[in-house]
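Pasting entry-v1.pdb here (PDB, C-alpha atoms):
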```pdb
ATOM      1  CA  MET A 133       0.000   0.000   0.000  1.00  0.00           C
ATOM      2  CA  TRP A 134       2.828   2.426   0.772  1.00  0.00           C
ATOM      3  CA  ASN A 135       4.041   2.162  -2.819  1.00  0.00           C
ATOM      4  CA  LEU A 136       0.568   2.715  -4.204  1.00  0.00           C
ATOM      5  CA  LEU A 137      -0.318   5.796  -2.149  1.00  0.00           C
ATOM      6  CA  PRO A 138       2.383   8.164  -3.530  1.00  0.00           C
ATOM      7  CA  THR A 139       1.654   6.920  -7.044  1.00  0.00           C
ATOM      8  CA  VAL A 140      -2.053   7.677  -6.666  1.00  0.00           C
ATOM      9  CA  VAL A 141      -1.388  11.094  -5.100  1.00  0.00           C
ATOM     10  CA  LEU A 142       1.569  12.320  -7.162  1.00  0.00           C
ATOM     11  CA  GLY A 143       0.879  10.556 -10.477  1.00  0.00           C
ATOM     12  CA  PRO A 144      -2.123  12.623 -11.622  1.00  0.00           C
ATOM     13  CA  PHE A 145      -0.450  15.828 -10.459  1.00  0.00           C
ATOM     14  CA  ILE A 146       2.707  15.121 -12.462  1.00  0.00           C
ATOM     15  CA  GLU A 147       0.652  14.059 -15.477  1.00  0.00           C
ATOM     16  CA  TRP A 148      -1.357  17.283 -15.279  1.00  0.00           C
ATOM     17  CA  LYS A 149       1.787  19.425 -15.242  1.00  0.00           C
ATOM     18  CA  ILE A 150       4.271  17.659 -17.550  1.00  0.00           C
ATOM     19  CA  GLY A 151       2.045  15.368 -19.604  1.00  0.00           C
ATOM     20  CA  SER A 152       1.163  11.694 -19.594  1.00  0.00           C
ATOM     21  CA  VAL A 153       3.905  10.585 -21.998  1.00  0.00           C
ATOM     22  CA  ALA A 154       6.647  12.148 -19.867  1.00  0.00           C
ATOM     23  CA  LEU A 155       5.159  10.633 -16.702  1.00  0.00           C
ATOM     24  CA  VAL A 156       4.919   7.093 -18.062  1.00  0.00           C
ATOM     25  CA  ILE A 157       8.320   7.121 -19.738  1.00  0.00           C
ATOM     26  CA  GLY A 158       9.894   8.778 -16.693  1.00  0.00           C
ATOM     27  CA  PHE A 159       8.287   6.277 -14.304  1.00  0.00           C
ATOM     28  CA  PHE A 160       9.526   3.200 -16.176  1.00  0.00           C
ATOM     29  CA  THR A 161      12.903   4.712 -17.029  1.00  0.00           C
ATOM     30  CA  SER A 162      13.462   5.719 -13.422  1.00  0.00           C
ATOM     31  CA  GLY A 163      12.848   2.131 -12.363  1.00  0.00           C
ATOM     32  CA  TRP A 164      15.525   0.905 -14.751  1.00  0.00           C
ATOM     33  CA  ILE A 165      17.983   3.676 -13.889  1.00  0.00           C
ATOM     34  CA  GLY A 166      17.333   3.150 -10.180  1.00  0.00           C
ATOM     35  CA  ALA A 167      17.983  -0.573 -10.517  1.00  0.00           C
ATOM     36  CA  LEU A 168      21.260   0.161 -12.322  1.00  0.00           C
ATOM     37  CA  ILE A 169      22.324   2.640  -9.637  1.00  0.00           C
ATOM     38  CA  PHE A 170      21.282   0.166  -6.965  1.00  0.00           C
ATOM     39  CA  CYS A 171      23.126  -2.818  -8.440  1.00  0.00           C
ATOM     40  CA  PHE A 172      26.234  -1.176  -9.843  1.00  0.00           C
ATOM     41  CA  GLY A 173      26.520   1.973  -7.742  1.00  0.00           C
ATOM     42  CA  PHE A 174      25.741   0.582  -4.298  1.00  0.00           C
ATOM     43  CA  GLY A 175      26.305  -3.112  -5.051  1.00  0.00           C
ATOM     44  CA  GLY A 176      29.748  -3.278  -3.490  1.00  0.00           C
ATOM     45  CA  TYR A 177      28.561  -1.655  -0.283  1.00  0.00           C
ATOM     46  CA  ILE A 178      25.553  -3.947  -0.053  1.00  0.00           C
ATOM     47  CA  GLN A 179      27.637  -7.079  -0.600  1.00  0.00           C
ATOM     48  CA  SER A 180      30.319  -6.085   1.911  1.00  0.00           C
ATOM     49  CA  ALA A 181      28.128  -4.587   4.633  1.00  0.00           C
ATOM     50  CA  LEU A 182      24.918  -6.573   4.385  1.00  0.00           C
ATOM     51  CA  GLY A 183      25.946  -9.840   2.744  1.00  0.00           C
ATOM     52  CA  ILE A 184      25.355 -11.387  -0.653  1.00  0.00           C
ATOM     53  CA  SER A 185      22.258 -13.337   0.404  1.00  0.00           C
ATOM     54  CA  ILE A 186      20.278 -10.216   1.244  1.00  0.00           C
ATOM     55  CA  TYR A 187      21.534  -8.588  -1.956  1.00  0.00           C
ATOM     56  CA  ILE A 188      20.096 -11.396  -4.073  1.00  0.00           C
ATOM     57  CA  CYS A 189      16.940 -12.256  -2.114  1.00  0.00           C
ATOM     58  CA  LEU A 190      15.386  -8.818  -1.629  1.00  0.00           C
ATOM     59  CA  PHE A 191      14.618  -6.229  -4.241  1.00  0.00           C
ATOM     60  CA  TYR A 192      12.098  -3.417  -4.129  1.00  0.00           C
ATOM     61  CA  GLY A 193      11.635  -2.356  -7.748  1.00  0.00           C
ATOM     62  CA  ALA A 194       8.307  -0.641  -7.179  1.00  0.00           C
ATOM     63  CA  SER A 195       9.740   1.419  -4.339  1.00  0.00           C
ATOM     64  CA  ILE A 196      12.527   2.629  -6.588  1.00  0.00           C
ATOM     65  CA  SER A 197      10.070   4.007  -9.140  1.00  0.00           C
ATOM     66  CA  VAL A 198       7.848   5.523  -6.466  1.00  0.00           C
ATOM     67  CA  TYR A 199      10.734   7.410  -4.874  1.00  0.00           C
ATOM     68  CA  ALA A 200      11.637   8.698  -8.328  1.00  0.00           C
ATOM     69  CA  LEU A 201       8.253  10.436  -8.442  1.00  0.00           C
ATOM     70  CA  PHE A 202       9.316  12.940  -5.786  1.00  0.00           C
ATOM     71  CA  PRO A 203      11.952  14.760  -7.906  1.00  0.00           C
ATOM     72  CA  MET A 204       9.484  14.679 -10.810  1.00  0.00           C
ATOM     73  CA  SER A 205       6.851  16.344  -8.647  1.00  0.00           C
ATOM     74  CA  VAL A 206       9.345  19.061  -7.660  1.00  0.00           C
ATOM     75  CA  PHE A 207       9.991  19.618 -11.362  1.00  0.00           C
ATOM     76  CA  ALA A 208       6.243  19.762 -11.997  1.00  0.00           C
ATOM     77  CA  PHE A 209       5.833  22.144  -9.062  1.00  0.00           C
ATOM     78  CA  LEU A 210       8.314  24.567 -10.657  1.00  0.00           C
ATOM     79  CA  ILE A 211       6.386  24.713 -13.941  1.00  0.00           C
ATOM     80  CA  LYS A 212       4.369  27.916 -13.924  1.00  0.00           C
ATOM     81  CA  LYS A 213       1.177  26.936 -15.727  1.00  0.00           C
ATOM     82  CA  PRO A 214      -1.402  25.748 -14.777  1.00  0.00           C
ATOM     83  CA  ASP A 215      -1.513  27.320 -11.321  1.00  0.00           C
ATOM     84  CA  PHE A 216      -1.833  25.356  -8.079  1.00  0.00           C
ATOM     85  CA  SER A 217      -4.762  25.191  -5.743  1.00  0.00           C
ATOM     86  CA  LEU A 218      -4.413  25.209  -1.969  1.00  0.00           C
ATOM     87  CA  ILE A 219      -5.232  21.498  -1.713  1.00  0.00           C
ATOM     88  CA  THR A 220      -2.469  20.653  -4.210  1.00  0.00           C
ATOM     89  CA  LYS A 221       0.070  22.600  -2.178  1.00  0.00           C
ATOM     90  CA  ALA A 222      -1.061  20.827   1.002  1.00  0.00           C
ATOM     91  CA  ILE A 223      -0.796  17.386  -0.611  1.00  0.00           C
ATOM     92  CA  LEU A 224       2.693  18.146  -1.920  1.00  0.00           C
ATOM     93  CA  THR A 225       3.815  19.387   1.486  1.00  0.00           C
ATOM     94  CA  VAL A 226       2.618  16.171   3.153  1.00  0.00           C
ATOM     95  CA  ALA A 227       4.199  14.049   0.405  1.00  0.00           C
ATOM     96  CA  PHE A 228       7.594  15.740   0.786  1.00  0.00           C
ATOM     97  CA  PHE A 229       7.400  15.461   4.571  1.00  0.00           C
ATOM     98  CA  THR A 230       6.786  11.724   4.160  1.00  0.00           C
ATOM     99  CA  LEU A 231       9.712  11.482   1.746  1.00  0.00           C
ATOM    100  CA  ILE A 232      12.079  13.233   4.134  1.00  0.00           C
ATOM    101  CA  LEU A 233      11.067  10.978   7.018  1.00  0.00           C
ATOM    102  CA  GLY A 234      11.402   7.912   4.785  1.00  0.00           C
ATOM    103  CA  ILE A 235      14.911   8.729   3.562  1.00  0.00           C
ATOM    104  CA  LEU A 236      16.374   9.601   6.982  1.00  0.00           C
ATOM    105  CA  PRO A 237      18.400   6.641   8.264  1.00  0.00           C
ATOM    106  CA  LYS A 238      17.079   4.897  11.326  1.00  0.00           C
ATOM    107  CA  GLN A 239      19.461   4.122  14.186  1.00  0.00           C
ATOM    108  CA  ASN A 240      18.212   0.623  14.966  1.00  0.00           C
ATOM    109  CA  ALA A 241      17.427  -0.507  11.418  1.00  0.00           C
ATOM    110  CA  THR A 242      17.877  -4.143  10.486  1.00  0.00           C
ATOM    111  CA  ASP A 243      19.912  -5.184   7.473  1.00  0.00           C
ATOM    112  CA  ALA A 244      16.788  -5.532   5.346  1.00  0.00           C
ATOM    113  CA  GLN A 245      15.643  -2.030   6.296  1.00  0.00           C
ATOM    114  CA  LYS A 246      19.062  -0.612   5.393  1.00  0.00           C
ATOM    115  CA  PHE A 247      18.771  -2.396   2.078  1.00  0.00           C
ATOM    116  CA  VAL A 248      15.363  -0.811   1.455  1.00  0.00           C
ATOM    117  CA  GLN A 249      16.732   2.640   2.341  1.00  0.00           C
ATOM    118  CA  ILE A 250      19.528   2.185  -0.191  1.00  0.00           C
ATOM    119  CA  ALA A 251      16.943   1.167  -2.814  1.00  0.00           C
ATOM    120  CA  HIS A 252      14.873   4.258  -2.043  1.00  0.00           C
ATOM    121  CA  LEU A 253      17.936   6.482  -2.325  1.00  0.00           C
ATOM    122  CA  SER A 254      18.683   4.878  -5.704  1.00  0.00           C
ATOM    123  CA  GLY A 255      15.147   5.665  -6.827  1.00  0.00           C
ATOM    124  CA  PHE A 256      15.455   9.264  -5.685  1.00  0.00           C
ATOM    125  CA  LEU A 257      18.727   9.659  -7.619  1.00  0.00           C
ATOM    126  CA  ALA A 258      17.099   8.051 -10.668  1.00  0.00           C
ATOM    127  CA  GLY A 259      14.257  10.556 -10.405  1.00  0.00           C
ATOM    128  CA  ILE A 260      16.742  13.427 -10.473  1.00  0.00           C
ATOM    129  CA  ILE A 261      18.348  11.948 -13.604  1.00  0.00           C
ATOM    130  CA  CYS A 262      14.920  11.585 -15.252  1.00  0.00           C
ATOM    131  CA  VAL A 263      14.029  15.186 -14.408  1.00  0.00           C
ATOM    132  CA  ILE A 264      17.221  16.371 -16.093  1.00  0.00           C
ATOM    133  CA  MET A 265      16.373  14.268 -19.167  1.00  0.00           C
ATOM    134  CA  ILE A 266      12.764  15.506 -19.284  1.00  0.00           C
ATOM    135  CA  PHE A 267      13.940  19.108 -18.937  1.00  0.00           C
ATOM    136  CA  ALA A 268      16.453  18.638 -21.757  1.00  0.00           C
ATOM    137  CA  LEU A 269      13.824  17.035 -24.007  1.00  0.00           C
ATOM    138  CA  ARG A 270      11.257  19.744 -23.285  1.00  0.00           C
ATOM    139  CA  ASN A 271      13.762  22.494 -24.064  1.00  0.00           C
ATOM    140  CA  TRP A 272      15.968  20.740 -26.591  1.00  0.00           C
ATOM    141  CA  LYS A 273      15.906  23.605 -29.076  1.00  0.00           C
ATOM    142  CA  LYS A 274      17.065  26.130 -26.493  1.00  0.00           C
ATOM    143  CA  VAL A 275      19.686  23.787 -25.047  1.00  0.00           C
ATOM    144  CA  PHE A 276      21.179  22.618 -28.330  1.00  0.00           C
ATOM    145  CA  CYS A 277      21.046  26.004 -30.082  1.00  0.00           C
ATOM    146  CA  SER A 278      22.867  27.676 -27.208  1.00  0.00           C
ATOM    147  CA  PHE A 279      25.368  24.800 -27.120  1.00  0.00           C
ATOM    148  CA  PHE A 280      26.138  25.042 -30.836  1.00  0.00           C
ATOM    149  CA  LYS A 281      26.442  28.842 -30.657  1.00  0.00           C
ATOM    150  CA  GLN A 282      29.104  28.431 -27.978  1.00  0.00           C
ATOM    151  CA  ILE A 283      31.063  26.021 -30.185  1.00  0.00           C
ATOM    152  CA  ASP A 284      31.188  28.440 -33.152  1.00  0.00           C
TER     153      ASP A 284
END
```
Starting from the file, give its structure as structure tokens.
Amino acid sequence: MWNLLPTVVLGPFIEWKIGSVALVIGFFTSGWIGALIFCFGFGGYIQSALGISIYICLFYGASISVYALFPMSVFAFLIKKPDFSLITKAILTVAFFTLILGILPKQNATDAQKFVQIAHLSGFLAGIICVIMIFALRNWKKVFCSFFKQID
């Protein structure tokens, strides 16, 4: 349920602001990028600190994509039009508060909980990468024209 709730709350908001194609592609791409960051970026730490058995047995792919929605919602929040209502601002504030409490490390966490926190961090980083890609694709003419003018 905890993976479904942010998707239900943030999904329509992101779709409303950046479009359905960007949301769907960003959601699936963030899952893949998050899995790559998780396996290859944090894989050595997980194997050395938590053990290979927990690295193989547990994987939270849905959580990775859900945590990637938070940077996408920040990106959608920064888009000027259409304007926000008070209820939208309240929902986003609660969602970001939940994100911050979910990412903070817990002192007495078990190995499996540490593993989940690393997966969530990977998803958050994947969301940031997807936001950069969506921004570049939305403004590709401005980005590439200014880049080529600097080369000349």
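For the pair CA of Val153 (chain A) and CA of Gln249 (chain A), the separation is 28.6 Å.
When only C-alpha atoms are used to compute distances to Leu224 (chain A), the closest of the residues A:Ala208, A:Ala200, A:Ile169, A:Ala258 turns out to be A:Ala208.
Atom pair CA of Ser254 (chain A) / CA of Gly158 (chain A) has a distance of 14.6 Å (rounded to one decimal).
The gap separating CA of Ile196 (chain A) from CA of Gly259 (chain A) is 9.0 Å, in Å to one decimal.
Closest to Val141 (chain A) among A:Cys171, A:Ala227, A:Leu218, A:Val206 is A:Ala227, based on all atoms listed in the file.
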Q. Using the chain letters and numbers from the file, which residues does the PyMOL selection byres ((chain A and resi 267) around 12) grab, as a PyMOL selection string?
A. chain A and resi 150+154+158+204+207-208+210-211+260-266+268-275
